[in-house]
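Working notes for the structure below.
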Amino acid sequence: MVKTHRILMFMVFLLLGMLITLQFRGVINTSEGNISVKEMASRLEAEEAEGRKLLEELNNLEAEWSQLLDNIGSRQQDPEIMELIRQRDYEYFRAGLTNVRGDGIIITMQDAQTAGDMNIEDYIIHDADITGILNELRSNGAEAISINGERILGTSKLVCAGPTIFLNKSRYPPPYVIKAIGDPDTLYNAIDQLSNVAIMRIYGIRVDIRKEYDMVIEKYRLYESIDEWLSSLEVVSE
């Protein structure tokens, strides 16, 4: 009896779910049918403008808040307050939430131009190739690292997506430009002598390294702009 009751309840909920789904699709189709492409484009532009305005206001509020804390630290010579601000700045730095300026290196990685008769997988850059370089940079004292302008965090993870990579919330195609702030000589020698880099070069993958002085690695962006969010969307067809 209990088993029969459960079966009946399952069938009722299944039919109810199907009815709700059909009704929802009907509402969507009706709504889309009454809106012209021009009107939809106009609405999208309005939402983009509103998003840019809100993001600008948010950035201004964050700047004002940061300036307020700095003013408190400069006016109040209380050792406890100064120590709290120092700890805040350090933790922000560790979390990648501050811009970092200094000397370092820039690594540019590009897939091989041709695979010849060999496996194509050997001629493109994989997430493991980049991860190996990132680990080497960290172990040699890199204070801040970015890839294609995206700040690398302690929680950042690279994932292969065909010929591209996913980093944090964004997809990036090659070339991959890795910036690292630290001792330029130490970082340069560590990457140039890395066995993984030597193997990539054998297969024709370009790994160009150069020392750079007084460069800036920007902080991790907590909020995406509307343009960045839209650019990450992919067009699919039914």
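Residues in the structure tokens are numbered from 1 in each chain, the chains being A, B, ... in the order shown, and ligands are numbered from 1 in the order shown.
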
Using only C-alpha atoms, what does the table of range 53-148 of chain A residues within 12 Å of range 171-195 of chain A look like, with each row giving the shortest atom pair and its distance in Å to one decimal, sorted by chain and ascending number, as a Markdown table?
```
| residue | atom | partner | partner_atom | distance |
| --- | --- | --- | --- | --- |
| A:Asn99 | CA | A:Ile181 | CA | 11.2 |
| A:Val100 | CA | A:Ile181 | CA | 7.9 |
| A:Arg101 | CA | A:Ile181 | CA | 7.6 |
| A:Gly102 | CA | A:Ile181 | CA | 5.9 |
| A:Asp103 | CA | A:Ile181 | CA | 5.5 |
| A:Gly104 | CA | A:Ile181 | CA | 4.2 |
| A:Ile105 | CA | A:Ala180 | CA | 5.6 |
| A:Ile106 | CA | A:Lys179 | CA | 4.6 |
| A:Ile107 | CA | A:Ile178 | CA | 5.0 |
| A:Thr108 | CA | A:Val177 | CA | 4.5 |
| A:Met109 | CA | A:Tyr176 | CA | 5.1 |
| A:Gln110 | CA | A:Pro175 | CA | 4.7 |
| A:Asp111 | CA | A:Pro174 | CA | 7.1 |
| A:Ala112 | CA | A:Pro175 | CA | 10.7 |
| A:Gln113 | CA | A:Pro175 | CA | 12.0 |
| A:Ile124 | CA | A:Pro174 | CA | 9.3 |
| A:Ile125 | CA | A:Pro174 | CA | 8.2 |
| A:His126 | CA | A:Pro174 | CA | 10.4 |
| A:Asp127 | CA | A:Tyr176 | CA | 11.0 |
| A:Asp129 | CA | A:Ser195 | CA | 10.7 |
| A:Ile130 | CA | A:Tyr176 | CA | 8.9 |
| A:Thr131 | CA | A:Ile178 | CA | 11.1 |
| A:Gly132 | CA | A:Leu194 | CA | 9.0 |
| A:Ile133 | CA | A:Ile191 | CA | 6.8 |
| A:Leu134 | CA | A:Ile178 | CA | 8.7 |
| A:Asn135 | CA | A:Ile191 | CA | 10.2 |
| A:Glu136 | CA | A:Ala190 | CA | 7.0 |
| A:Leu137 | CA | A:Leu187 | CA | 6.3 |
| A:Arg138 | CA | A:Ala180 | CA | 9.0 |
| A:Ser139 | CA | A:Ala190 | CA | 9.4 |
| A:Asn140 | CA | A:Leu187 | CA | 6.4 |
| A:Gly141 | CA | A:Gly182 | CA | 6.1 |
| A:Ala142 | CA | A:Gly182 | CA | 4.7 |
| A:Glu143 | CA | A:Ile181 | CA | 5.6 |
| A:Ala144 | CA | A:Ile181 | CA | 5.4 |
| A:Ile145 | CA | A:Ala180 | CA | 4.4 |
| A:Ser146 | CA | A:Lys179 | CA | 5.2 |
| A:Ile147 | CA | A:Ile178 | CA | 4.5 |
| A:Asn148 | CA | A:Val177 | CA | 5.1 |
```

What parts of range 39-231 of chain A does DSSP call helix (DSSP H, G or I)? I'd like the answer as a PDB file with N, CA and C atoms, in the first residue's frame.
```
ATOM      1  N   GLU A  39      13.798  46.430 -30.153  1.00  0.00           N
ATOM      2  CA  GLU A  39      13.426  46.739 -28.778  1.00  0.00           C
ATOM      3  C   GLU A  39      14.297  45.969 -27.789  1.00  0.00           C
ATOM      4  N   MET A  40      14.598  44.706 -28.119  1.00  0.00           N
ATOM      5  CA  MET A  40      15.460  43.907 -27.254  1.00  0.00           C
ATOM      6  C   MET A  40      16.860  44.515 -27.193  1.00  0.00           C
ATOM      7  N   ALA A  41      17.363  44.996 -28.340  1.00  0.00           N
ATOM      8  CA  ALA A  41      18.684  45.625 -28.373  1.00  0.00           C
ATOM      9  C   ALA A  41      18.688  46.909 -27.548  1.00  0.00           C
ATOM     10  N   SER A  42      17.567  47.652 -27.631  1.00  0.00           N
ATOM     11  CA  SER A  42      17.467  48.888 -26.864  1.00  0.00           C
ATOM     12  C   SER A  42      17.468  48.597 -25.361  1.00  0.00           C
ATOM     13  N   ARG A  43      16.752  47.555 -24.963  1.00  0.00           N
ATOM     14  CA  ARG A  43      16.720  47.169 -23.550  1.00  0.00           C
ATOM     15  C   ARG A  43      18.104  46.737 -23.072  1.00  0.00           C
ATOM     16  N   LEU A  44      18.803  45.991 -23.929  1.00  0.00           N
ATOM     17  CA  LEU A  44      20.137  45.529 -23.568  1.00  0.00           C
ATOM     18  C   LEU A  44      21.090  46.704 -23.376  1.00  0.00           C
ATOM     19  N   GLU A  45      21.009  47.672 -24.271  1.00  0.00           N
ATOM     20  CA  GLU A  45      21.863  48.864 -24.137  1.00  0.00           C
ATOM     21  C   GLU A  45      21.562  49.619 -22.846  1.00  0.00           C
ATOM     22  N   ALA A  46      20.265  49.698 -22.489  1.00  0.00           N
ATOM     23  CA  ALA A  46      19.889  50.382 -21.251  1.00  0.00           C
ATOM     24  C   ALA A  46      20.440  49.645 -20.037  1.00  0.00           C
ATOM     25  N   GLU A  47      20.373  48.314 -20.066  1.00  0.00           N
ATOM     26  CA  GLU A  47      20.904  47.521 -18.950  1.00  0.00           C
ATOM     27  C   GLU A  47      22.422  47.659 -18.862  1.00  0.00           C
ATOM     28  N   GLU A  48      23.077  47.706 -20.010  1.00  0.00           N
ATOM     29  CA  GLU A  48      24.537  47.884 -20.016  1.00  0.00           C
ATOM     30  C   GLU A  48      24.907  49.222 -19.397  1.00  0.00           C
ATOM     31  N   ALA A  49      24.188  50.272 -19.774  1.00  0.00           N
ATOM     32  CA  ALA A  49      24.476  51.603 -19.231  1.00  0.00           C
ATOM     33  C   ALA A  49      24.247  51.630 -17.723  1.00  0.00           C
ATOM     34  N   GLU A  50      23.164  51.002 -17.274  1.00  0.00           N
ATOM     35  CA  GLU A  50      22.872  50.956 -15.840  1.00  0.00           C
ATOM     36  C   GLU A  50      23.951  50.165 -15.101  1.00  0.00           C
ATOM     37  N   GLY A  51      24.396  49.051 -15.721  1.00  0.00           N
ATOM     38  CA  GLY A  51      25.447  48.247 -15.101  1.00  0.00           C
ATOM     39  C   GLY A  51      26.755  49.010 -14.971  1.00  0.00           C
ATOM     40  N   ARG A  52      27.119  49.750 -16.012  1.00  0.00           N
ATOM     41  CA  ARG A  52      28.349  50.553 -15.951  1.00  0.00           C
ATOM     42  C   ARG A  52      28.243  51.625 -14.865  1.00  0.00           C
ATOM     43  N   LYS A  53      27.067  52.237 -14.758  1.00  0.00           N
ATOM     44  CA  LYS A  53      26.870  53.278 -13.750  1.00  0.00           C
ATOM     45  C   LYS A  53      27.005  52.704 -12.344  1.00  0.00           C
ATOM     46  N   LEU A  54      26.383  51.558 -12.094  1.00  0.00           N
ATOM     47  CA  LEU A  54      26.453  50.934 -10.774  1.00  0.00           C
ATOM     48  C   LEU A  54      27.867  50.482 -10.439  1.00  0.00           C
ATOM     49  N   LEU A  55      28.574  49.950 -11.444  1.00  0.00           N
ATOM     50  CA  LEU A  55      29.946  49.506 -11.205  1.00  0.00           C
ATOM     51  C   LEU A  55      30.857  50.688 -10.892  1.00  0.00           C
ATOM     52  N   GLU A  56      30.622  51.807 -11.579  1.00  0.00           N
ATOM     53  CA  GLU A  56      31.412  53.008 -11.303  1.00  0.00           C
ATOM     54  C   GLU A  56      31.141  53.524  -9.890  1.00  0.00           C
ATOM     55  N   GLU A  57      29.865  53.502  -9.482  1.00  0.00           N
ATOM     56  CA  GLU A  57      29.525  53.924  -8.129  1.00  0.00           C
ATOM     57  C   GLU A  57      30.169  53.006  -7.095  1.00  0.00           C
ATOM     58  N   LEU A  58      30.182  51.714  -7.384  1.00  0.00           N
ATOM     59  CA  LEU A  58      30.796  50.759  -6.465  1.00  0.00           C
ATOM     60  C   LEU A  58      32.290  51.005  -6.331  1.00  0.00           C
ATOM     61  N   ASN A  59      32.956  51.230  -7.444  1.00  0.00           N
ATOM     62  CA  ASN A  59      34.392  51.512  -7.411  1.00  0.00           C
ATOM     63  C   ASN A  59      34.681  52.800  -6.633  1.00  0.00           C
ATOM     64  N   ASN A  60      33.833  53.803  -6.810  1.00  0.00           N
ATOM     65  CA  ASN A  60      34.022  55.064  -6.079  1.00  0.00           C
ATOM     66  C   ASN A  60      33.843  54.863  -4.577  1.00  0.00           C
ATOM     67  N   LEU A  61      32.849  54.066  -4.195  1.00  0.00           N
ATOM     68  CA  LEU A  61      32.627  53.793  -2.777  1.00  0.00           C
ATOM     69  C   LEU A  61      33.798  53.026  -2.172  1.00  0.00           C
ATOM     70  N   GLU A  62      34.338  52.072  -2.921  1.00  0.00           N
ATOM     71  CA  GLU A  62      35.495  51.323  -2.426  1.00  0.00           C
ATOM     72  C   GLU A  62      36.700  52.241  -2.255  1.00  0.00           C
ATOM     73  N   ALA A  63      36.890  53.159  -3.211  1.00  0.00           N
ATOM     74  CA  ALA A  63      38.017  54.095  -3.111  1.00  0.00           C
ATOM     75  C   ALA A  63      37.845  55.018  -1.913  1.00  0.00           C
ATOM     76  N   GLU A  64      36.610  55.503  -1.685  1.00  0.00           N
ATOM     77  CA  GLU A  64      36.346  56.378  -0.544  1.00  0.00           C
ATOM     78  C   GLU A  64      36.572  55.639   0.776  1.00  0.00           C
ATOM     79  N   TRP A  65      36.148  54.389   0.828  1.00  0.00           N
ATOM     80  CA  TRP A  65      36.315  53.586   2.045  1.00  0.00           C
ATOM     81  C   TRP A  65      37.795  53.356   2.342  1.00  0.00           C
ATOM     82  N   SER A  66      38.551  53.038   1.292  1.00  0.00           N
ATOM     83  CA  SER A  66      39.986  52.830   1.476  1.00  0.00           C
ATOM     84  C   SER A  66      40.687  54.110   1.919  1.00  0.00           C
ATOM     85  N   GLN A  67      40.285  55.244   1.317  1.00  0.00           N
ATOM     86  CA  GLN A  67      40.880  56.527   1.692  1.00  0.00           C
ATOM     87  C   GLN A  67      40.521  56.902   3.128  1.00  0.00           C
ATOM     88  N   LEU A  68      39.301  56.577   3.540  1.00  0.00           N
ATOM     89  CA  LEU A  68      38.870  56.862   4.907  1.00  0.00           C
ATOM     90  C   LEU A  68      39.731  56.105   5.913  1.00  0.00           C
ATOM     91  N   LEU A  69      40.003  54.841   5.632  1.00  0.00           N
ATOM     92  CA  LEU A  69      40.846  54.054   6.533  1.00  0.00           C
ATOM     93  C   LEU A  69      42.267  54.597   6.568  1.00  0.00           C
ATOM     94  N   ASP A  70      42.779  55.019   5.403  1.00  0.00           N
ATOM     95  CA  ASP A  70      44.134  55.590   5.361  1.00  0.00           C
ATOM     96  C   ASP A  70      44.197  56.882   6.169  1.00  0.00           C
ATOM     97  N   ASN A  71      43.135  57.692   6.078  1.00  0.00           N
ATOM     98  CA  ASN A  71      43.104  58.948   6.827  1.00  0.00           C
ATOM     99  C   ASN A  71      43.071  58.696   8.332  1.00  0.00           C
ATOM    100  N   ILE A  72      42.317  57.658   8.723  1.00  0.00           N
ATOM    101  CA  ILE A  72      42.269  57.318  10.145  1.00  0.00           C
ATOM    102  C   ILE A  72      43.654  56.924  10.637  1.00  0.00           C
ATOM    103  N   GLY A  73      44.371  56.157   9.817  1.00  0.00           N
ATOM    104  CA  GLY A  73      45.704  55.717  10.207  1.00  0.00           C
ATOM    105  C   GLY A  73      46.698  56.854  10.277  1.00  0.00           C
ATOM    106  N   SER A  74      46.543  57.867   9.394  1.00  0.00           N
ATOM    107  CA  SER A  74      47.499  58.968   9.374  1.00  0.00           C
ATOM    108  C   SER A  74      47.228  59.984  10.478  1.00  0.00           C
ATOM    109  N   ARG A  75      45.949  60.119  10.854  1.00  0.00           N
ATOM    110  CA  ARG A  75      45.601  61.100  11.876  1.00  0.00           C
ATOM    111  C   ARG A  75      45.735  60.522  13.282  1.00  0.00           C
ATOM    112  N   PRO A  79      49.083  53.111  18.188  1.00  0.00           N
ATOM    113  CA  PRO A  79      49.816  51.930  17.699  1.00  0.00           C
ATOM    114  C   PRO A  79      48.882  50.776  17.336  1.00  0.00           C
ATOM    115  N   GLU A  80      47.801  50.591  18.069  1.00  0.00           N
ATOM    116  CA  GLU A  80      46.885  49.494  17.779  1.00  0.00           C
ATOM    117  C   GLU A  80      46.185  49.705  16.434  1.00  0.00           C
ATOM    118  N   ILE A  81      45.762  50.950  16.184  1.00  0.00           N
ATOM    119  CA  ILE A  81      45.112  51.250  14.913  1.00  0.00           C
ATOM    120  C   ILE A  81      46.093  51.081  13.754  1.00  0.00           C
ATOM    121  N   MET A  82      47.311  51.565  13.942  1.00  0.00           N
ATOM    122  CA  MET A  82      48.336  51.424  12.905  1.00  0.00           C
ATOM    123  C   MET A  82      48.625  49.963  12.607  1.00  0.00           C
ATOM    124  N   GLU A  83      48.647  49.141  13.644  1.00  0.00           N
ATOM    125  CA  GLU A  83      48.915  47.716  13.458  1.00  0.00           C
ATOM    126  C   GLU A  83      47.759  47.042  12.725  1.00  0.00           C
ATOM    127  N   LEU A  84      46.533  47.433  13.046  1.00  0.00           N
ATOM    128  CA  LEU A  84      45.384  46.865  12.352  1.00  0.00           C
ATOM    129  C   LEU A  84      45.399  47.225  10.865  1.00  0.00           C
ATOM    130  N   ILE A  85      45.744  48.460  10.570  1.00  0.00           N
ATOM    131  CA  ILE A  85      45.815  48.879   9.165  1.00  0.00           C
ATOM    132  C   ILE A  85      46.936  48.140   8.443  1.00  0.00           C
ATOM    133  N   ARG A  86      48.049  47.957   9.128  1.00  0.00           N
ATOM    134  CA  ARG A  86      49.166  47.223   8.521  1.00  0.00           C
ATOM    135  C   ARG A  86      48.752  45.780   8.222  1.00  0.00           C
ATOM    136  N   GLN A  87      48.056  45.152   9.163  1.00  0.00           N
ATOM    137  CA  GLN A  87      47.584  43.792   8.946  1.00  0.00           C
ATOM    138  C   GLN A  87      46.577  43.731   7.807  1.00  0.00           C
ATOM    139  N   ARG A  88      45.706  44.753   7.741  1.00  0.00           N
ATOM    140  CA  ARG A  88      44.734  44.799   6.651  1.00  0.00           C
ATOM    141  C   ARG A  88      45.435  44.861   5.307  1.00  0.00           C
ATOM    142  N   ASP A  89      46.420  45.751   5.169  1.00  0.00           N
ATOM    143  CA  ASP A  89      47.150  45.897   3.914  1.00  0.00           C
ATOM    144  C   ASP A  89      47.873  44.605   3.546  1.00  0.00           C
ATOM    145  N   TYR A  90      48.429  43.944   4.539  1.00  0.00           N
ATOM    146  CA  TYR A  90      49.154  42.700   4.268  1.00  0.00           C
ATOM    147  C   TYR A  90      48.202  41.599   3.794  1.00  0.00           C
ATOM    148  N   GLU A  91      47.069  41.479   4.454  1.00  0.00           N
ATOM    149  CA  GLU A  91      46.111  40.449   4.060  1.00  0.00           C
ATOM    150  C   GLU A  91      45.509  40.753   2.692  1.00  0.00           C
ATOM    151  N   TYR A  92      45.281  42.023   2.391  1.00  0.00           N
ATOM    152  CA  TYR A  92      44.814  42.395   1.059  1.00  0.00           C
ATOM    153  C   TYR A  92      45.853  42.013   0.007  1.00  0.00           C
ATOM    154  N   PHE A  93      47.114  42.250   0.337  1.00  0.00           N
ATOM    155  CA  PHE A  93      48.194  41.893  -0.573  1.00  0.00           C
ATOM    156  C   PHE A  93      48.229  40.382  -0.803  1.00  0.00           C
ATOM    157  N   ARG A  94      48.132  39.615   0.274  1.00  0.00           N
ATOM    158  CA  ARG A  94      48.152  38.154   0.155  1.00  0.00           C
ATOM    159  C   ARG A  94      46.962  37.638  -0.639  1.00  0.00           C
ATOM    160  N   ALA A  95      45.828  38.298  -0.498  1.00  0.00           N
ATOM    161  CA  ALA A  95      44.621  37.868  -1.194  1.00  0.00           C
ATOM    162  C   ALA A  95      44.574  38.333  -2.643  1.00  0.00           C
ATOM    163  N   ILE A 120      48.654  16.537 -32.542  1.00  0.00           N
ATOM    164  CA  ILE A 120      48.405  17.958 -32.358  1.00  0.00           C
ATOM    165  C   ILE A 120      48.467  18.354 -30.886  1.00  0.00           C
ATOM    166  N   GLU A 121      48.166  17.407 -29.990  1.00  0.00           N
ATOM    167  CA  GLU A 121      48.178  17.695 -28.556  1.00  0.00           C
ATOM    168  C   GLU A 121      49.565  18.094 -28.069  1.00  0.00           C
ATOM    169  N   ASP A 122      50.605  17.649 -28.783  1.00  0.00           N
ATOM    170  CA  ASP A 122      51.970  17.984 -28.370  1.00  0.00           C
ATOM    171  C   ASP A 122      52.385  19.383 -28.799  1.00  0.00           C
ATOM    172  N   TYR A 123      51.573  20.031 -29.608  1.00  0.00           N
ATOM    173  CA  TYR A 123      51.968  21.321 -30.174  1.00  0.00           C
ATOM    174  C   TYR A 123      51.120  22.487 -29.680  1.00  0.00           C
ATOM    175  N   ASP A 127      47.068  23.300 -19.708  1.00  0.00           N
ATOM    176  CA  ASP A 127      47.038  23.901 -18.376  1.00  0.00           C
ATOM    177  C   ASP A 127      48.205  23.441 -17.508  1.00  0.00           C
ATOM    178  N   ALA A 128      48.626  22.166 -17.677  1.00  0.00           N
ATOM    179  CA  ALA A 128      49.744  21.659 -16.882  1.00  0.00           C
ATOM    180  C   ALA A 128      51.045  22.385 -17.214  1.00  0.00           C
ATOM    181  N   ASP A 129      51.209  22.791 -18.478  1.00  0.00           N
ATOM    182  CA  ASP A 129      52.414  23.535 -18.867  1.00  0.00           C
ATOM    183  C   ASP A 129      52.479  24.878 -18.136  1.00  0.00           C
ATOM    184  N   ILE A 130      51.346  25.565 -18.089  1.00  0.00           N
ATOM    185  CA  ILE A 130      51.316  26.871 -17.425  1.00  0.00           C
ATOM    186  C   ILE A 130      51.423  26.707 -15.913  1.00  0.00           C
ATOM    187  N   THR A 131      50.747  25.688 -15.379  1.00  0.00           N
ATOM    188  CA  THR A 131      50.807  25.450 -13.934  1.00  0.00           C
ATOM    189  C   THR A 131      52.234  25.181 -13.478  1.00  0.00           C
ATOM    190  N   GLY A 132      52.994  24.430 -14.289  1.00  0.00           N
ATOM    191  CA  GLY A 132      54.390  24.178 -13.941  1.00  0.00           C
ATOM    192  C   GLY A 132      55.201  25.454 -13.853  1.00  0.00           C
ATOM    193  N   ILE A 133      54.950  26.379 -14.761  1.00  0.00           N
ATOM    194  CA  ILE A 133      55.650  27.674 -14.741  1.00  0.00           C
ATOM    195  C   ILE A 133      55.220  28.494 -13.524  1.00  0.00           C
ATOM    196  N   LEU A 134      53.931  28.503 -13.230  1.00  0.00           N
ATOM    197  CA  LEU A 134      53.445  29.250 -12.069  1.00  0.00           C
ATOM    198  C   LEU A 134      54.064  28.729 -10.769  1.00  0.00           C
ATOM    199  N   ASN A 135      54.133  27.408 -10.637  1.00  0.00           N
ATOM    200  CA  ASN A 135      54.734  26.822  -9.435  1.00  0.00           C
ATOM    201  C   ASN A 135      56.204  27.204  -9.307  1.00  0.00           C
ATOM    202  N   GLU A 136      56.908  27.236 -10.432  1.00  0.00           N
ATOM    203  CA  GLU A 136      58.325  27.600 -10.415  1.00  0.00           C
ATOM    204  C   GLU A 136      58.499  29.071 -10.033  1.00  0.00           C
ATOM    205  N   LEU A 137      57.616  29.918 -10.529  1.00  0.00           N
ATOM    206  CA  LEU A 137      57.678  31.339 -10.171  1.00  0.00           C
ATOM    207  C   LEU A 137      57.457  31.528  -8.672  1.00  0.00           C
ATOM    208  N   ARG A 138      56.458  30.843  -8.138  1.00  0.00           N
ATOM    209  CA  ARG A 138      56.174  30.965  -6.707  1.00  0.00           C
ATOM    210  C   ARG A 138      57.344  30.483  -5.860  1.00  0.00           C
ATOM    211  N   SER A 139      57.908  29.339  -6.240  1.00  0.00           N
ATOM    212  CA  SER A 139      59.006  28.776  -5.446  1.00  0.00           C
ATOM    213  C   SER A 139      60.265  29.621  -5.516  1.00  0.00           C
ATOM    214  N   PRO A 184      64.246  39.887 -10.944  1.00  0.00           N
ATOM    215  CA  PRO A 184      64.238  39.549 -12.370  1.00  0.00           C
ATOM    216  C   PRO A 184      65.238  38.464 -12.741  1.00  0.00           C
ATOM    217  N   ASP A 185      66.465  38.543 -12.214  1.00  0.00           N
ATOM    218  CA  ASP A 185      67.488  37.548 -12.567  1.00  0.00           C
ATOM    219  C   ASP A 185      67.098  36.159 -12.081  1.00  0.00           C
ATOM    220  N   THR A 186      66.628  36.082 -10.853  1.00  0.00           N
ATOM    221  CA  THR A 186      66.255  34.783 -10.286  1.00  0.00           C
ATOM    222  C   THR A 186      65.094  34.156 -11.051  1.00  0.00           C
ATOM    223  N   LEU A 187      64.064  34.952 -11.318  1.00  0.00           N
ATOM    224  CA  LEU A 187      62.898  34.432 -12.024  1.00  0.00           C
ATOM    225  C   LEU A 187      63.245  34.050 -13.461  1.00  0.00           C
ATOM    226  N   TYR A 188      64.045  34.887 -14.117  1.00  0.00           N
ATOM    227  CA  TYR A 188      64.419  34.612 -15.510  1.00  0.00           C
ATOM    228  C   TYR A 188      65.174  33.287 -15.603  1.00  0.00           C
ATOM    229  N   ASN A 189      66.169  33.114 -14.776  1.00  0.00           N
ATOM    230  CA  ASN A 189      66.980  31.893 -14.827  1.00  0.00           C
ATOM    231  C   ASN A 189      66.157  30.657 -14.477  1.00  0.00           C
ATOM    232  N   ALA A 190      65.245  30.802 -13.507  1.00  0.00           N
ATOM    233  CA  ALA A 190      64.437  29.654 -13.095  1.00  0.00           C
ATOM    234  C   ALA A 190      63.559  29.157 -14.234  1.00  0.00           C
ATOM    235  N   ILE A 191      62.930  30.065 -14.959  1.00  0.00           N
ATOM    236  CA  ILE A 191      62.032  29.662 -16.047  1.00  0.00           C
ATOM    237  C   ILE A 191      62.820  29.234 -17.281  1.00  0.00           C
ATOM    238  N   ASP A 192      63.890  29.946 -17.582  1.00  0.00           N
ATOM    239  CA  ASP A 192      64.671  29.621 -18.776  1.00  0.00           C
ATOM    240  C   ASP A 192      65.309  28.239 -18.677  1.00  0.00           C
ATOM    241  N   SER A 195      62.902  22.383 -17.207  1.00  0.00           N
ATOM    242  CA  SER A 195      62.879  21.279 -18.176  1.00  0.00           C
ATOM    243  C   SER A 195      61.590  21.289 -18.996  1.00  0.00           C
ATOM    244  N   ASN A 196      60.485  21.648 -18.372  1.00  0.00           N
ATOM    245  CA  ASN A 196      59.209  21.699 -19.084  1.00  0.00           C
ATOM    246  C   ASN A 196      59.251  22.721 -20.215  1.00  0.00           C
ATOM    247  N   VAL A 197      59.917  23.849 -19.976  1.00  0.00           N
ATOM    248  CA  VAL A 197      60.061  24.877 -20.998  1.00  0.00           C
ATOM    249  C   VAL A 197      60.933  24.365 -22.148  1.00  0.00           C
ATOM    250  N   ALA A 198      61.994  23.656 -21.820  1.00  0.00           N
ATOM    251  CA  ALA A 198      62.869  23.095 -22.857  1.00  0.00           C
ATOM    252  C   ALA A 198      62.104  22.125 -23.749  1.00  0.00           C
ATOM    253  N   ILE A 199      61.245  21.299 -23.153  1.00  0.00           N
ATOM    254  CA  ILE A 199      60.455  20.338 -23.935  1.00  0.00           C
ATOM    255  C   ILE A 199      59.466  21.067 -24.850  1.00  0.00           C
ATOM    256  N   MET A 200      58.814  22.086 -24.331  1.00  0.00           N
ATOM    257  CA  MET A 200      57.878  22.844 -25.163  1.00  0.00           C
ATOM    258  C   MET A 200      58.593  23.474 -26.351  1.00  0.00           C
ATOM    259  N   ARG A 201      59.778  23.988 -26.125  1.00  0.00           N
ATOM    260  CA  ARG A 201      60.527  24.612 -27.217  1.00  0.00           C
ATOM    261  C   ARG A 201      60.937  23.594 -28.267  1.00  0.00           C
ATOM    262  N   ILE A 202      61.211  22.372 -27.867  1.00  0.00           N
ATOM    263  CA  ILE A 202      61.552  21.317 -28.831  1.00  0.00           C
ATOM    264  C   ILE A 202      60.396  21.092 -29.806  1.00  0.00           C
ATOM    265  N   ILE A 226      30.081  45.018 -17.233  1.00  0.00           N
ATOM    266  CA  ILE A 226      29.048  44.490 -18.116  1.00  0.00           C
ATOM    267  C   ILE A 226      29.663  43.982 -19.419  1.00  0.00           C
ATOM    268  N   ASP A 227      30.629  44.731 -19.952  1.00  0.00           N
ATOM    269  CA  ASP A 227      31.258  44.332 -21.211  1.00  0.00           C
ATOM    270  C   ASP A 227      31.979  42.996 -21.056  1.00  0.00           C
ATOM    271  N   GLU A 228      32.687  42.815 -19.934  1.00  0.00           N
ATOM    272  CA  GLU A 228      33.389  41.553 -19.704  1.00  0.00           C
ATOM    273  C   GLU A 228      32.409  40.400 -19.548  1.00  0.00           C
ATOM    274  N   TRP A 229      31.317  40.660 -18.847  1.00  0.00           N
ATOM    275  CA  TRP A 229      30.324  39.609 -18.660  1.00  0.00           C
ATOM    276  C   TRP A 229      29.696  39.197 -19.987  1.00  0.00           C
ATOM    277  N   LEU A 230      29.367  40.171 -20.825  1.00  0.00           N
ATOM    278  CA  LEU A 230      28.753  39.866 -22.114  1.00  0.00           C
ATOM    279  C   LEU A 230      29.735  39.148 -23.036  1.00  0.00           C
ATOM    280  N   SER A 231      31.024  39.556 -22.971  1.00  0.00           N
ATOM    281  CA  SER A 231      32.009  38.939 -23.854  1.00  0.00           C
ATOM    282  C   SER A 231      32.249  37.483 -23.521  1.00  0.00           C
TER     283      SER A 231
END
```

TODO: Enumerate as an NGL selection string all residues of range 118-225 of chain A assigned to strand (DSSP E) by DSSP on the backbone, naming them with the chain letters and numbers the document uses.
DONE: :A and (144-147 or 150-151 or 158-161 or 164-167 or 170-172 or 176-181 or 206-217)

Using the selection just defined, write its residues with C-alpha atoms as a CSV table (one decimal), in the first residue's frame.
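Output saved as selection06.csv:
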```csv
chain,number,residue,atom,x,y,z
A,144,ALA,CA,52.5,38.7,-7.6
A,145,ILE,CA,51.5,36.9,-10.9
A,146,SER,CA,49.0,37.5,-13.6
A,147,ILE,CA,48.0,35.8,-16.8
A,150,GLU,CA,44.0,38.2,-14.7
A,151,ARG,CA,45.5,38.2,-11.2
A,158,LEU,CA,43.7,26.5,-14.7
A,159,VAL,CA,41.5,24.2,-16.7
A,160,CYS,CA,42.0,23.3,-20.4
A,161,ALA,CA,39.0,24.1,-22.7
A,164,THR,CA,41.9,27.8,-24.6
A,165,ILE,CA,42.1,27.9,-20.8
A,166,PHE,CA,39.7,28.8,-18.1
A,167,LEU,CA,41.1,30.9,-15.3
A,170,SER,CA,37.2,33.8,-17.7
A,171,ARG,CA,38.3,31.9,-20.8
A,172,TYR,CA,41.5,33.0,-22.5
A,176,TYR,CA,49.4,33.7,-22.8
A,177,VAL,CA,51.2,36.6,-21.2
A,178,ILE,CA,52.4,35.8,-17.7
A,179,LYS,CA,53.7,38.6,-15.6
A,180,ALA,CA,55.6,38.0,-12.3
A,181,ILE,CA,57.0,40.5,-9.9
A,206,ARG,CA,57.2,29.6,-28.2
A,207,VAL,CA,58.2,30.6,-24.7
A,208,ASP,CA,59.7,34.0,-24.7
A,209,ILE,CA,61.0,35.5,-21.5
A,210,ARG,CA,62.2,39.0,-20.8
A,211,LYS,CA,63.1,41.1,-17.8
A,212,GLU,CA,60.8,44.0,-17.0
A,213,TYR,CA,61.4,46.9,-14.6
A,214,ASP,CA,58.8,49.0,-12.8
A,215,MET,CA,55.7,47.2,-14.0
A,216,VAL,CA,52.3,46.9,-12.3
A,217,ILE,CA,50.3,43.8,-11.8
```
